[in-house]
Each structure stands twice: as C-alpha cells, then as structure tokens.
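Student: Here you go, structure17.cif (mmCIF, C-alpha atoms):
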```cif
data_my_file
#
loop_
_atom_site.group_PDB
_atom_site.id
_atom_site.type_symbol
_atom_site.label_atom_id
_atom_site.label_comp_id
_atom_site.auth_asym_id
_atom_site.auth_seq_id
_atom_site.Cartn_x
_atom_site.Cartn_y
_atom_site.Cartn_z
ATOM 1 C CA MET A 1 -24.454 -21.478 21.119
ATOM 2 C CA GLU A 2 -22.207 -21.330 24.179
ATOM 3 C CA ASP A 3 -19.823 -18.466 24.828
ATOM 4 C CA ILE A 4 -16.064 -18.994 24.902
ATOM 5 C CA SER A 5 -15.793 -19.037 28.700
ATOM 6 C CA ALA A 6 -18.436 -21.773 28.982
ATOM 7 C CA LEU A 7 -16.707 -23.689 26.202
ATOM 8 C CA LEU A 8 -13.396 -23.617 28.068
ATOM 9 C CA SER A 9 -14.966 -24.634 31.371
ATOM 10 C CA ARG A 10 -17.096 -27.452 29.981
ATOM 11 C CA GLY A 11 -14.276 -28.677 27.780
ATOM 12 C CA PHE A 12 -11.996 -28.909 30.805
ATOM 13 C CA SER A 13 -14.670 -30.760 32.777
ATOM 14 C CA LEU A 14 -15.128 -33.254 29.955
ATOM 15 C CA TRP A 15 -11.366 -33.739 29.588
ATOM 16 C CA LYS A 16 -11.058 -34.693 33.284
ATOM 17 C CA ARG A 17 -13.393 -37.636 32.656
ATOM 18 C CA ASN A 18 -11.564 -38.698 29.489
ATOM 19 C CA LEU A 19 -7.880 -38.745 30.360
ATOM 20 C CA ASN A 20 -7.320 -41.331 27.629
ATOM 21 C CA LEU A 21 -7.525 -38.467 25.109
ATOM 22 C CA CYS A 22 -3.758 -38.136 25.516
ATOM 23 C CA LEU A 23 -3.114 -41.579 23.961
ATOM 24 C CA PRO A 24 -2.875 -40.389 20.311
ATOM 25 C CA PHE A 25 -0.333 -37.719 21.268
ATOM 26 C CA LEU A 26 1.762 -40.138 23.338
ATOM 27 C CA LEU A 27 1.772 -42.799 20.632
ATOM 28 C CA SER A 28 2.596 -40.221 17.958
ATOM 29 C CA ILE A 29 5.667 -38.884 19.759
ATOM 30 C CA ILE A 30 6.876 -42.368 20.732
ATOM 31 C CA LEU A 31 6.607 -43.762 17.206
ATOM 32 C CA SER A 32 8.158 -40.628 15.688
ATOM 33 C CA MET A 33 11.134 -40.844 18.057
ATOM 34 C CA LEU A 34 11.589 -44.540 17.297
ATOM 35 C CA LEU A 35 11.550 -43.840 13.566
ATOM 36 C CA LEU A 36 14.043 -41.005 13.939
ATOM 37 C CA MET A 37 16.382 -43.100 16.086
ATOM 38 C CA SER A 38 16.156 -45.961 13.596
ATOM 39 C CA PHE A 39 17.066 -43.560 10.799
ATOM 40 C CA LEU A 40 20.113 -42.236 12.658
ATOM 41 C CA MET A 41 21.329 -45.732 13.546
ATOM 42 C CA SER A 42 20.812 -46.945 9.975
ATOM 43 C CA ILE A 43 22.762 -44.013 8.531
ATOM 44 C CA LEU A 44 25.640 -44.603 10.956
ATOM 45 C CA MET A 45 25.776 -48.331 10.251
ATOM 46 C CA ILE A 46 25.515 -47.992 6.460
ATOM 47 C CA LEU A 47 27.704 -44.982 5.777
ATOM 48 C CA LEU A 48 30.370 -44.967 8.479
ATOM 49 C CA PRO A 49 33.154 -47.543 8.738
ATOM 50 C CA GLN A 50 32.941 -50.097 11.518
ATOM 51 C CA ASP A 51 36.157 -48.945 13.178
ATOM 52 C CA SER A 52 34.837 -45.379 13.254
ATOM 53 C CA LEU A 53 31.637 -46.552 14.921
ATOM 54 C CA GLU A 54 33.624 -48.438 17.553
ATOM 55 C CA ALA A 55 35.762 -45.381 18.205
ATOM 56 C CA LEU A 56 32.697 -43.262 18.693
ATOM 57 C CA ALA A 57 30.974 -45.866 20.851
ATOM 58 C CA PHE A 58 33.866 -46.231 23.280
ATOM 59 C CA GLU A 59 34.827 -42.568 23.434
ATOM 60 C CA ASP A 60 34.681 -41.081 26.906
ATOM 61 C CA ALA A 61 31.415 -39.170 27.383
ATOM 62 C CA GLN A 62 33.338 -36.267 28.898
ATOM 63 C CA ASN A 63 35.114 -35.572 25.611
ATOM 64 C CA ALA A 64 31.972 -34.248 23.900
ATOM 65 C CA THR A 65 33.907 -31.657 21.899
ATOM 66 C CA LEU A 66 36.307 -34.293 20.567
ATOM 67 C CA MET A 67 33.443 -36.584 19.625
ATOM 68 C CA GLN A 68 31.711 -33.752 17.773
ATOM 69 C CA SER A 69 34.916 -32.973 15.882
ATOM 70 C CA GLN A 70 35.367 -36.644 14.935
ATOM 71 C CA MET A 71 31.755 -36.851 13.734
ATOM 72 C CA GLU A 72 32.176 -33.728 11.587
ATOM 73 C CA ASP A 73 35.353 -35.161 10.042
ATOM 74 C CA LEU A 74 33.582 -38.435 9.273
ATOM 75 C CA LEU A 75 30.607 -36.707 7.678
ATOM 76 C CA SER A 76 32.846 -34.438 5.586
ATOM 77 C CA SER A 77 34.621 -37.512 4.204
ATOM 78 C CA LEU A 78 31.407 -38.922 2.663
ATOM 79 C CA ASP A 79 31.226 -38.863 -1.125
ATOM 80 C CA ALA A 80 28.314 -37.615 -3.249
ATOM 81 C CA GLY A 81 26.747 -41.067 -3.546
ATOM 82 C CA GLN A 82 26.717 -41.596 0.196
ATOM 83 C CA LEU A 83 25.254 -38.143 0.776
ATOM 84 C CA ALA A 84 22.517 -38.914 -1.760
ATOM 85 C CA VAL A 85 21.682 -42.131 0.088
ATOM 86 C CA ALA A 86 21.549 -40.235 3.375
ATOM 87 C CA PHE A 87 19.270 -37.601 1.819
ATOM 88 C CA LEU A 88 16.894 -40.245 0.444
ATOM 89 C CA PHE A 89 16.833 -41.947 3.836
ATOM 90 C CA PHE A 90 16.021 -38.598 5.428
ATOM 91 C CA LEU A 91 13.154 -37.901 3.012
ATOM 92 C CA GLY A 92 11.768 -41.378 3.610
ATOM 93 C CA ILE A 93 11.849 -41.047 7.383
ATOM 94 C CA MET A 94 10.258 -37.573 7.220
ATOM 95 C CA LEU A 95 7.470 -39.031 5.075
ATOM 96 C CA LEU A 96 6.867 -41.803 7.596
ATOM 97 C CA ILE A 97 6.844 -39.353 10.506
ATOM 98 C CA SER A 98 4.376 -37.134 8.606
ATOM 99 C CA LEU A 99 2.105 -40.130 8.046
ATOM 100 C CA VAL A 100 2.297 -41.047 11.730
ATOM 101 C CA ASP A 101 1.443 -37.475 12.694
ATOM 102 C CA ALA A 102 -1.478 -37.372 10.239
ATOM 103 C CA PHE A 103 -2.853 -40.686 11.545
ATOM 104 C CA PHE A 104 -2.792 -39.701 15.200
ATOM 105 C CA SER A 105 -3.971 -36.131 14.547
ATOM 106 C CA ALA A 106 -7.104 -37.547 12.929
ATOM 107 C CA ALA A 107 -7.352 -40.105 15.728
ATOM 108 C CA ALA A 108 -7.195 -37.425 18.433
ATOM 109 C CA ILE A 109 -9.946 -35.367 16.793
ATOM 110 C CA GLY A 110 -12.065 -38.482 16.357
ATOM 111 C CA MET A 111 -11.752 -39.307 20.053
ATOM 112 C CA ALA A 112 -12.568 -35.702 20.989
ATOM 113 C CA ARG A 113 -15.682 -35.822 18.819
ATOM 114 C CA GLN A 114 -16.808 -39.063 20.423
ATOM 115 C CA ALA A 115 -16.274 -37.622 23.901
ATOM 116 C CA LEU A 116 -18.338 -34.555 23.009
ATOM 117 C CA GLU A 117 -21.186 -36.586 21.531
ATOM 118 C CA THR A 118 -21.385 -39.426 24.052
ATOM 119 C CA GLY A 119 -19.479 -38.184 27.100
ATOM 120 C CA ARG A 120 -16.835 -40.927 26.781
ATOM 121 C CA ALA A 121 -14.002 -41.619 24.338
ATOM 122 C CA ASP A 122 -12.493 -45.024 23.641
ATOM 123 C CA THR A 123 -9.543 -46.349 21.674
ATOM 124 C CA ALA A 124 -11.800 -47.863 19.006
ATOM 125 C CA ALA A 125 -12.577 -44.343 17.778
ATOM 126 C CA MET A 126 -8.865 -43.575 17.745
ATOM 127 C CA TRP A 127 -7.976 -46.419 15.387
ATOM 128 C CA SER A 128 -11.048 -46.101 13.158
ATOM 129 C CA CYS A 129 -10.723 -42.325 12.643
ATOM 130 C CA GLY A 130 -6.985 -42.590 12.149
ATOM 131 C CA ARG A 131 -7.374 -45.152 9.382
ATOM 132 C CA LYS A 132 -10.327 -43.413 7.748
ATOM 133 C CA HIS A 133 -8.809 -39.940 7.523
ATOM 134 C CA LEU A 134 -5.094 -40.763 7.180
ATOM 135 C CA LYS A 135 -4.800 -39.949 3.495
ATOM 136 C CA SER A 136 -6.938 -36.810 3.617
ATOM 137 C CA MET A 137 -5.166 -35.483 6.722
ATOM 138 C CA PHE A 138 -1.752 -36.079 5.157
ATOM 139 C CA LEU A 139 -2.749 -34.300 1.939
ATOM 140 C CA ALA A 140 -4.329 -31.432 3.892
ATOM 141 C CA THR A 141 -1.097 -31.021 5.856
ATOM 142 C CA LEU A 142 0.871 -30.876 2.599
ATOM 143 C CA LEU A 143 -1.583 -28.350 1.141
ATOM 144 C CA ILE A 144 -1.363 -26.076 4.174
ATOM 145 C CA GLY A 145 2.420 -26.424 4.094
ATOM 146 C CA LEU A 146 2.491 -25.311 0.450
ATOM 147 C CA ILE A 147 0.254 -22.346 1.243
ATOM 148 C CA THR A 148 2.567 -21.403 4.095
ATOM 149 C CA PHE A 149 5.771 -21.697 2.073
ATOM 150 C CA ALA A 150 4.233 -19.553 -0.635
ATOM 151 C CA GLY A 151 5.059 -16.712 1.746
ATOM 152 C CA LEU A 152 8.720 -17.121 0.850
ATOM 153 C CA VAL A 153 7.908 -14.753 -1.996
ATOM 154 C CA PHE A 154 8.566 -11.977 0.541
ATOM 155 C CA VAL A 155 12.214 -13.101 0.740
ATOM 156 C CA LEU A 156 12.797 -13.328 -3.010
ATOM 157 C CA PRO A 157 13.495 -9.594 -3.602
ATOM 158 C CA ALA A 158 16.360 -9.664 -1.090
ATOM 159 C CA MET A 159 17.771 -12.870 -2.581
ATOM 160 C CA ALA A 160 17.560 -11.419 -6.087
ATOM 161 C CA ALA A 161 19.266 -8.201 -5.026
ATOM 162 C CA ALA A 162 22.105 -9.942 -3.179
ATOM 163 C CA PRO A 163 25.324 -10.209 -5.221
ATOM 164 C CA ASN A 164 26.044 -13.553 -3.576
ATOM 165 C CA PRO A 165 23.133 -15.850 -2.575
ATOM 166 C CA LEU A 166 25.079 -17.020 0.456
ATOM 167 C CA GLN A 167 26.317 -13.608 1.583
ATOM 168 C CA ALA A 168 24.114 -10.524 1.734
ATOM 169 C CA ASP A 169 25.769 -7.123 1.798
ATOM 170 C CA GLU A 170 24.674 -4.312 4.103
ATOM 171 C CA GLU A 171 22.127 -2.978 1.626
ATOM 172 C CA THR A 172 20.340 -6.292 1.125
ATOM 173 C CA ALA A 173 20.635 -7.451 4.738
ATOM 174 C CA GLY A 174 17.903 -5.035 5.832
ATOM 175 C CA LEU A 175 15.696 -6.067 2.918
ATOM 176 C CA LEU A 176 16.224 -9.709 3.841
ATOM 177 C CA ALA A 177 15.308 -9.036 7.482
ATOM 178 C CA VAL A 178 12.089 -7.308 6.412
ATOM 179 C CA GLY A 179 11.275 -10.173 4.061
ATOM 180 C CA LEU A 180 11.806 -12.758 6.782
ATOM 181 C CA LEU A 181 9.667 -10.755 9.202
ATOM 182 C CA LEU A 182 6.857 -10.539 6.658
ATOM 183 C CA PHE A 183 7.142 -14.272 6.015
ATOM 184 C CA LEU A 184 6.854 -15.023 9.744
ATOM 185 C CA PHE A 185 3.751 -12.831 10.029
ATOM 186 C CA TYR A 186 2.290 -14.500 6.952
ATOM 187 C CA ALA A 187 2.974 -18.008 8.276
ATOM 188 C CA LEU A 188 1.421 -17.094 11.628
ATOM 189 C CA ALA A 189 -1.661 -15.677 9.907
ATOM 190 C CA VAL A 190 -2.056 -18.815 7.789
ATOM 191 C CA SER A 191 -1.756 -21.066 10.832
ATOM 192 C CA ILE A 192 -4.495 -19.122 12.641
ATOM 193 C CA ILE A 193 -6.843 -18.720 9.672
ATOM 194 C CA LEU A 194 -6.614 -22.416 8.719
ATOM 195 C CA ILE A 195 -6.448 -23.776 12.264
ATOM 196 C CA ALA A 196 -9.887 -25.379 11.914
ATOM 197 C CA ALA A 197 -8.975 -27.341 8.764
ATOM 198 C CA PRO A 198 -8.101 -30.650 10.528
ATOM 199 C CA TYR A 199 -11.292 -30.450 12.590
ATOM 200 C CA ALA A 200 -13.418 -29.719 9.531
ATOM 201 C CA LEU A 201 -11.776 -32.643 7.760
ATOM 202 C CA VAL A 202 -12.505 -35.208 10.486
ATOM 203 C CA VAL A 203 -15.737 -33.884 11.977
ATOM 204 C CA GLY A 204 -17.253 -32.894 8.653
ATOM 205 C CA ASP A 205 -15.764 -35.882 6.777
ATOM 206 C CA LEU A 206 -14.341 -33.570 4.110
ATOM 207 C CA GLY A 207 -11.498 -33.852 1.638
ATOM 208 C CA PRO A 208 -8.305 -31.774 1.926
ATOM 209 C CA ILE A 209 -9.388 -28.899 -0.333
ATOM 210 C CA ALA A 210 -12.919 -28.805 1.071
ATOM 211 C CA ALA A 211 -11.499 -28.782 4.613
ATOM 212 C CA VAL A 212 -9.312 -25.759 3.815
ATOM 213 C CA ARG A 213 -12.318 -23.948 2.339
ATOM 214 C CA ALA A 214 -14.411 -24.833 5.392
ATOM 215 C CA ALA A 215 -11.651 -23.505 7.659
ATOM 216 C CA LEU A 216 -11.607 -20.206 5.754
ATOM 217 C CA SER A 217 -15.370 -19.884 6.073
ATOM 218 C CA PHE A 218 -15.258 -20.837 9.755
ATOM 219 C CA PHE A 219 -12.633 -18.202 10.503
ATOM 220 C CA ARG A 220 -14.547 -15.524 8.613
ATOM 221 C CA TYR A 221 -17.616 -15.950 10.822
ATOM 222 C CA ASN A 222 -15.823 -16.781 14.103
ATOM 223 C CA LYS A 223 -12.775 -14.492 14.164
ATOM 224 C CA PHE A 224 -13.207 -13.434 17.779
ATOM 225 C CA ASP A 225 -13.672 -16.949 19.184
ATOM 226 C CA VAL A 226 -10.755 -18.315 17.164
ATOM 227 C CA ALA A 227 -8.499 -15.467 18.310
ATOM 228 C CA VAL A 228 -9.460 -15.883 21.989
ATOM 229 C CA LEU A 229 -8.993 -19.652 22.002
ATOM 230 C CA TRP A 230 -5.700 -19.342 20.130
ATOM 231 C CA LEU A 231 -4.470 -16.825 22.696
ATOM 232 C CA VAL A 232 -5.500 -19.073 25.589
ATOM 233 C CA VAL A 233 -3.749 -22.140 24.152
ATOM 234 C CA THR A 234 -0.666 -20.118 23.186
ATOM 235 C CA ALA A 235 -0.444 -18.554 26.653
ATOM 236 C CA LEU A 236 -0.651 -21.959 28.340
ATOM 237 C CA SER A 237 1.940 -23.416 25.973
ATOM 238 C CA THR A 238 4.270 -20.452 26.552
ATOM 239 C CA ALA A 239 3.903 -20.821 30.312
ATOM 240 C CA LEU A 240 4.883 -24.482 30.087
ATOM 241 C CA GLN A 241 7.890 -23.642 27.905
ATOM 242 C CA MET A 242 9.025 -21.002 30.373
ATOM 243 C CA LEU A 243 8.655 -23.506 33.190
ATOM 244 C CA GLY A 244 10.693 -26.053 31.255
ATOM 245 C CA GLY A 245 13.434 -23.532 30.540
ATOM 246 C CA ALA A 246 13.607 -22.194 34.087
ATOM 247 C CA THR A 247 16.155 -23.378 36.634
ATOM 248 C CA PHE A 248 15.921 -22.877 40.357
ATOM 249 C CA GLU A 249 18.439 -23.613 43.040
ATOM 250 C CA GLY A 250 17.780 -27.041 44.498
ATOM 251 C CA ILE A 251 15.568 -28.066 41.591
ATOM 252 C CA GLY A 252 17.109 -29.671 38.538
ATOM 253 C CA GLY A 253 16.366 -27.868 35.310
ATOM 254 C CA GLN A 254 16.151 -31.188 33.497
ATOM 255 C CA HIS A 255 13.395 -32.349 35.817
ATOM 256 C CA LEU A 256 11.417 -29.163 35.198
ATOM 257 C CA SER A 257 11.874 -29.531 31.454
ATOM 258 C CA LEU A 258 10.656 -33.133 31.586
ATOM 259 C CA ILE A 259 7.641 -32.199 33.693
ATOM 260 C CA ALA A 260 6.757 -29.345 31.329
ATOM 261 C CA SER A 261 7.071 -31.608 28.286
ATOM 262 C CA LEU A 262 4.869 -34.275 29.855
ATOM 263 C CA ALA A 263 2.307 -31.665 30.901
ATOM 264 C CA ASN A 264 2.189 -30.334 27.375
ATOM 265 C CA LEU A 265 1.797 -33.828 25.924
ATOM 266 C CA ILE A 266 -0.600 -35.337 28.457
ATOM 267 C CA VAL A 267 -2.656 -32.295 29.452
ATOM 268 C CA LEU A 268 -2.463 -29.320 27.102
ATOM 269 C CA ALA A 269 -2.392 -31.165 23.751
ATOM 270 C CA PRO A 270 -5.544 -33.269 24.350
ATOM 271 C CA LEU A 271 -7.296 -30.417 26.150
ATOM 272 C CA SER A 272 -6.678 -27.959 23.310
ATOM 273 C CA CYS A 273 -7.794 -30.594 20.782
ATOM 274 C CA LEU A 274 -11.025 -31.009 22.748
ATOM 275 C CA TRP A 275 -11.523 -27.225 22.891
ATOM 276 C CA TRP A 276 -10.992 -26.729 19.166
ATOM 277 C CA THR A 277 -13.227 -29.672 18.269
ATOM 278 C CA ARG A 278 -15.945 -28.351 20.572
ATOM 279 C CA LEU A 279 -15.651 -24.838 19.128
ATOM 280 C CA TYR A 280 -15.932 -26.087 15.560
ATOM 281 C CA MET A 281 -18.843 -28.433 16.246
ATOM 282 C CA ASN A 282 -20.726 -25.888 18.332
ATOM 283 C CA ARG A 283 -20.311 -22.985 15.919
ATOM 284 C CA THR A 284 -21.252 -25.085 12.880
ATOM 285 C CA GLY A 285 -24.362 -26.513 14.538
ATOM 286 C CA MET A 286 -23.008 -30.078 14.763
ATOM 287 C CA LEU A 287 -23.093 -29.978 18.555
ATOM 288 C CA LYS A 288 -25.836 -28.264 20.494
ATOM 289 C CA VAL A 289 -25.201 -27.713 24.189
ATOM 290 C CA ASP A 290 -28.588 -29.041 25.290
ATOM 291 C CA GLU A 291 -27.986 -32.275 23.357
ATOM 292 C CA VAL A 292 -24.589 -33.087 24.869
ATOM 293 C CA LYS A 293 -24.838 -36.255 26.930
ATOM 294 C CA ASP A 294 -22.097 -35.429 29.422
ATOM 295 C CA THR A 295 -23.005 -33.709 32.658
ATOM 296 C CA TRP A 296 -21.324 -30.672 34.180
#
```
Kindly transcribe the structure held in the file into structure tokens.
Tutor:
Amino acid sequence: MEDISALLSRGFSLWKRNLNLCLPFLLSIILSMLLLMSFLMSILMILLPQDSLEALAFEDAQNATLMQSQMEDLLSSLDAGQLAVAFLFFLGIMLLISLVDAFFSAAAIGMARQALETGRADTAAMWSCGRKHLKSMFLATLLIGLITFAGLVFVLPAMAAAPNPLQADEETAGLLAVGLLLFLFYALAVSIILIAAPYALVVGDLGPIAAVRAALSFFRYNKFDVAVLWLVVTALSTALQMLGGATFEGIGGQHLSLIASLANLIVLAPLSCLWWTRLYMNRTGMLKVDEVKDTW
C-alpha cells in the first residue's frame, strides 16, 4: 500500500504519459454547452414572436441594459401555457445534460483504470465504460443528490416560523441563516464521505446503492487519505479559480480566465480522476504497486 505522497507523484507521472485522459471531460463540456445553447435557441424561436427576435438580433451590442429590459418584458408577457412548455423543455435538457455527464464520468474513470492497470489508456475504454455504466452512474448521481437535498430539513424550522414564506422577519432571518449554514456543512460532508461512490461503481462494477455503501465503507477506513487528497484537489482548484478571477495590468482578465478554465478541464480534472481512481484501487487491494505495469 503506497502512501499519499507516492500516490500523488506516481499518479502525476502516469498522467503525463496519458494526456488523452482529458477527452471525456472535453467532450462532456462541449456536448453540454451545445445542448444548452440548443435549448435556449428553441425556447426563443418557439415562444417569442418573430419580430421580437429580429429586434433583439439587430439591437446594438452596446445597449446591453436596453436589451435586458426588452428580454424581461418579453418573458413577463408569456402566459401559463408557454411557461409550462419552457419548464418542460428545461427539465428535458437538464435530463440530457445529466445523462451526458454520467456517461463521460464513467468513461473517465474507465480510462483511468485502464491507465493504472496497463500503463496506457485508449478511447475504446472510454466508450465501452461509458455505455456499460451509464444507467448506474445516472441513478447513483440521483441517489447522492437526494441524500444531499435531505439536508434541507435544517431550513424547514425557519420556513415554518416565518409569517411569510417569501419574507422572513428579523427573528426568523437568523434561524434561516443558521439553517442554511448547517445545510452547506451537511452537503459538504456528504460530498466528501461519498466521493468514492463513482469509482466504486465503475471499478468494482457495482450498482448505485452498492456503490454508495462501498463509498461509506471506504471513507470509514481511509478518512485521512480521503481528507488529504480532497484538500490537495480543492487547493489546486481554488488556485486556478483565483488565477481566472485575477486581473493584472497589461494582461487581459478574460485571457487569464480562459487559461484557468482550460487548465482545470485539461489538467486538473483528469489528474484528480486518476488520483481518486488510484486511491480507491490501491486501498481496496484492486491495484498493488508492484503489479502496476507503468514505470516511474
């Protein structure tokens, strides 16, 4: 069993020889953006009048405030039937995006597993693992989401005590703030405790419920390693976000933001996936260091 420092070092070395590990993350974001753009265009074409679309299309880009006001007026003029259609469209597109994310999440873990076992990852593993575990990954994501949203119970006392659900008085505002804070802590704890669920699902070929149980057991026996790796990944992600949000004289902030986003997508996402897969396989005995075929 390798220690966490060796895991990070060897995982990074393996990632450098398998730069194609970023493909699932790139394809996921591209397809999700295309689906979202298609949804927005469809809603505009179906619900808004043609003359309104032409007015928006030819409006001067400098009049952003005017365009926003016109869009708000157009949306407020929609009737209940049109709003229902828009809501159904939105649910449908969110379902498709969730399926895309589930497919490529399983695909990324499958490629990481192949790289760990053979030293090289190929796109065949991406497609085969994505198809095989699509349903289970999607259901596991829904299950974890339900477990997370169960934490909204911390907010219910404040909502029940408020005289108006939309407006909290001074007495209930503090209770609501405490409830929201507890919910955030709860959601963070759930995300850390169940962080190994997708890896258990793909690597162990488990179902959604079994993967959640395996993640709970994995966390119970590997709290320190999970906490350290989570801190490392979070620190790197935070550093990239700070870089993307920073602006320096002579350097465009948009360029920095784009570079940070690409670094997160091409480097950190596949690298962290490789680290988590390696941690899970090593700690569960599925991957022994002396049997790994890659060289360091």
Student: Measuring between all atoms listed in the file, which one of A:Leu287, A:Leu156, A:Met242, A:Ala211 shows the shortest distance to Arg113 (chain A)?
Tutor: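 Selected residue with least distance to Arg113 (chain A): A:Leu287.
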Student: Please evaluate the PyMOL selection byres ((chain A and resi 273) around 12) against the displayed coordinates and give the resulting residues as an mmCIF file with C-alpha atoms, in the coordinates of the input.
Tutor:
```cif
data_model
loop_
_atom_site.group_PDB
_atom_site.id
_atom_site.type_symbol
_atom_site.label_atom_id
_atom_site.label_comp_id
_atom_site.auth_asym_id
_atom_site.auth_seq_id
_atom_site.Cartn_x
_atom_site.Cartn_y
_atom_site.Cartn_z
ATOM 1 C CA LEU A 8 -13.396 -23.617 28.068
ATOM 2 C CA GLY A 11 -14.276 -28.677 27.780
ATOM 3 C CA PHE A 12 -11.996 -28.909 30.805
ATOM 4 C CA TRP A 15 -11.366 -33.739 29.588
ATOM 5 C CA LEU A 21 -7.525 -38.467 25.109
ATOM 6 C CA CYS A 22 -3.758 -38.136 25.516
ATOM 7 C CA PRO A 24 -2.875 -40.389 20.311
ATOM 8 C CA PHE A 25 -0.333 -37.719 21.268
ATOM 9 C CA PHE A 104 -2.792 -39.701 15.200
ATOM 10 C CA SER A 105 -3.971 -36.131 14.547
ATOM 11 C CA ALA A 106 -7.104 -37.547 12.929
ATOM 12 C CA ALA A 107 -7.352 -40.105 15.728
ATOM 13 C CA ALA A 108 -7.195 -37.425 18.433
ATOM 14 C CA ILE A 109 -9.946 -35.367 16.793
ATOM 15 C CA GLY A 110 -12.065 -38.482 16.357
ATOM 16 C CA MET A 111 -11.752 -39.307 20.053
ATOM 17 C CA ALA A 112 -12.568 -35.702 20.989
ATOM 18 C CA ARG A 113 -15.682 -35.822 18.819
ATOM 19 C CA ALA A 115 -16.274 -37.622 23.901
ATOM 20 C CA LEU A 116 -18.338 -34.555 23.009
ATOM 21 C CA ILE A 195 -6.448 -23.776 12.264
ATOM 22 C CA ALA A 196 -9.887 -25.379 11.914
ATOM 23 C CA PRO A 198 -8.101 -30.650 10.528
ATOM 24 C CA TYR A 199 -11.292 -30.450 12.590
ATOM 25 C CA LEU A 229 -8.993 -19.652 22.002
ATOM 26 C CA TRP A 230 -5.700 -19.342 20.130
ATOM 27 C CA VAL A 233 -3.749 -22.140 24.152
ATOM 28 C CA ASN A 264 2.189 -30.334 27.375
ATOM 29 C CA LEU A 265 1.797 -33.828 25.924
ATOM 30 C CA ILE A 266 -0.600 -35.337 28.457
ATOM 31 C CA VAL A 267 -2.656 -32.295 29.452
ATOM 32 C CA LEU A 268 -2.463 -29.320 27.102
ATOM 33 C CA ALA A 269 -2.392 -31.165 23.751
ATOM 34 C CA PRO A 270 -5.544 -33.269 24.350
ATOM 35 C CA LEU A 271 -7.296 -30.417 26.150
ATOM 36 C CA SER A 272 -6.678 -27.959 23.310
ATOM 37 C CA LEU A 274 -11.025 -31.009 22.748
ATOM 38 C CA TRP A 275 -11.523 -27.225 22.891
ATOM 39 C CA TRP A 276 -10.992 -26.729 19.166
ATOM 40 C CA THR A 277 -13.227 -29.672 18.269
ATOM 41 C CA ARG A 278 -15.945 -28.351 20.572
ATOM 42 C CA LEU A 279 -15.651 -24.838 19.128
ATOM 43 C CA TYR A 280 -15.932 -26.087 15.560
#
```
Student: Compare A:Leu36, A:Val228, A:Ala263, A:Arg120 by their minimum atom-to-atom distance to Leu243 (chain A), counting all atoms listed in the file, and give me the closest one.
Tutor: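 Nearest to Leu243 (chain A): A:Ala263.
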Student: Have a look at A:Leu31, A:Met1, A:Ser128, A:Thr284 and name the one nearest to Gly204 (chain A); count all atoms listed in the file.
Tutor: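 Checking each of A:Leu31, A:Met1, A:Ser128, A:Thr284 against Gly204 (chain A), counting all atoms listed in the file, the winner is A:Thr284.
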Student: So which one's closest to Met281 (chain A), A:Gln114, A:Ser191, A:Thr123, A:Ser257? Using only C-alpha atoms, please.
Tutor: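 Comparing A:Gln114, A:Ser191, A:Thr123, A:Ser257 against Met281 (chain A), the winner is A:Gln114.
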Student: Work out how far apart CA of Thr172 (chain A) and CA of Tyr186 (chain A) are and give it in Å to one decimal.
Tutor: 20.7 Å
Student: Nearest to Leu88 (chain A) among A:Phe39, A:Ala102, A:Ser136, A:Leu142, with distances taken over all atoms listed in the file: which residue is it?
Tutor: A:Phe39
Student: For CA of Pro208 (chain A) and CA of Leu143 (chain A), determine how far apart the two atoms are, in Å to one decimal place.
Tutor: 7.6 Å
Student: A:Val202, A:Leu91, A:Ala215, A:Met37: which is nearest Met126 (chain A), counting only C-alpha atoms?
Tutor: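 That would be A:Val202, the residue with the smallest distance to Met126 (chain A).
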Student: What's the separation between CA of Thr118 (chain A) and CA of Leu19 (chain A), in Å to one decimal place?
Tutor: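 Distance between the two atoms: 14.9 Å.
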Student: Expand the PyMOL selection byres ((chain A and resi 183) around 9) into the individual residues it matches in the shown file, reporting them as a list in words.
Tutor: Thr148, Phe149, Ala150, Gly151, Leu152, Val153, Phe154, Val155, Val178, Gly179, Leu180, Leu181, Leu182, Leu184, Phe185, Tyr186, Ala187 and Leu188 of chain A
